[in-house]
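Each remark here refers to the structure printed beneath this line.
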Amino acid sequence: MKPNIPQMKKIVLLSILILSGAVAISQNLLLTSEFGGANSNGALVKYNPATTNSSVFTSLGGNPFTALNVIINSDNDWQSQQGGLTLGIDGKYYGVAFLPSGIVNLDLDHKTDRGIFYRFDPVTNKTQVLYSFTGAGEYNMADINHTASYNENLAGPAYKVVEMSSGVFYGIAVLGGTSDLGGAWKFDVNTMTYKKIGEFSNQAFGIGYRPLGNLVHGDGSNLYGVLSKRNINQPTSLDDGALYRINTATDQLEFVHDLNSTDLVSPMLTFPTGDIVYIPSLNTFYGTKLSSLFNWDAHIGGGVWAYNMTDNTVKYKWTIATSETNILGSQVGGLVQGNDGKLYAFSKGGGANGFGTIIKYVPSSNTYSKVLDLTGPLYPHYSGFQVVGSKIFGSWEDDPNHPFYQMFSYDVLTGLLDNIGSLSL
């Protein structure tokens, strides 16, 4: 591990992406930055995991990228949506930007920009805006007017898009729609047509709202994701969350299941967060929750939940008791499957050093163990992990109040953590 983080020019990383389809360690990662480059207007950065060298892949003349998608949601707490690039079948890169101008008005519940869907051509080094979102109300200097003409559409696209067939992409948004809670959308590059699939809802027995991570492939042609809340009237202490799906065969946004366990002997887990993992052989989704208690302020413990699609049941597979937080960690969130087939979760507190841990989980045997204590005030993001060879790459911040975003890797074979830090352009 590198003990010190060099204080280079700060660039904020939006996404981590493999440049080609296979997962050999000799391949490069492609990252985006809204700052730096030859034009001081952002760049795509190439990082070589084998040599740890970085270089400018291309400097941007204009900047469609956003370093971090951050919104103040209706419950007035901060929530981050990591963006990311998707390598299309056509060899071009596709992504969304929540705030293309990079300017945030913190006094408002919404951004002045409504977001875009774009593609980057590595051959021509050109970036093209494919669609500009128009929802979330009309902005003016005095207020945001929630007019039907604007809220009818979605706004604030977030997380990575998924290509289901050649040129056909699906994504989610966190703003806009009749309830201004976002929804799911589709864009066909072949015909350059946009379609709103459905809207998130805070009404009783609705879809739910506030997406927490990237869409993932599940059974058949379905895409799945997790929502923080099902019902706006639900007490804060019962933030069990909900699993939803986009049925790409019918282009429908559908509620799947609440994430409260049917196993009454399991300790309560609350506040789902981060990416989920689907294991086809078990026909089961796995995800994390931050807390083992009802206390929002404490965020003590946490653990892993599982939803079995064969019998439609939710189980809490393991949970960290208060007495175990100094060993296993606390505030568990975000799963990723390493190339060893195991699942890895990251905690932001507790452990031997008080700065969190990395926990390995084996679904087939339902066993888990701490594999590493983190040693500094670095807070892993719970979304956007990328596996390259035996390494898991992710991003984290050094201060949640004044964040400086960086990249790290964890090697599942050697157990070594490398704080790559910022990349200097």
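Numbering starts fresh at 1 for the residues of each chain in the structure tokens, the chains themselves are lettered A, B, ... in the order given, and ligands are numbered from 1 as they appear.
By only C-alpha atoms, and with residues fewer than 6 positions from Ser323 (chain A) along its chain excluded, the set lying at most 12 Å from it is Ser292, Ile300, Gly301, Gly329, Ser330, Gly350 and Gly351 of chain A.
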- Find the spatial neighbours of region 193-207 of chain A, counting only C-alpha atoms, within a cut-off of 6 Å - ignore same-chain residues fewer than 4 positions away - and output them as a VMD selection string. chain A and resid 181 to 188 231 to 232 251 to 253 255
- Message: Taking 3 positions as the minimum chain separation for residues in the same chain, which residues sit within 10 Å of Leu413 (chain A) when counting only C-alpha atoms? Answer as a list in words.
- Response: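 Listing them by chain and then by number gives Gly338, Asn339, Asp340, Gly389, Ser390, Lys391, Tyr410 and Leu416 of chain A.
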- Residue nearest Lys160 (chain A) - candidates A:Met268, A:Val45, A:Leu215, A:Ile358, atoms counted: only C-alpha atoms: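 Checking each candidate against Lys160 (chain A), we get A:Leu215 as the closest.
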- Message: Using only C-alpha atoms, which protein or nucleic acid residues come within 7 Å of Thr86 (chain A)? Drop anything in the same chain fewer than 3 positions from it, and give the result as an MDAnalysis selection string.
- Response: chainID A and resid 93:95 160:161
- Message: Please list as a ChimeraX atom specification every residue within 7 Å of Asn39 (chain A), counting only C-alpha atoms and excluding residues in the same chain fewer than 6 positions away.
- Response: /A:59-61
- Note on the structure: note - CA of Lys370 (chain A) and CA of Leu328 (chain A) are separated by 5.8 Å
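In this model, the gap between CA of Leu30 (chain A) and CA of Leu227 (chain A) comes to 28.3 Å.
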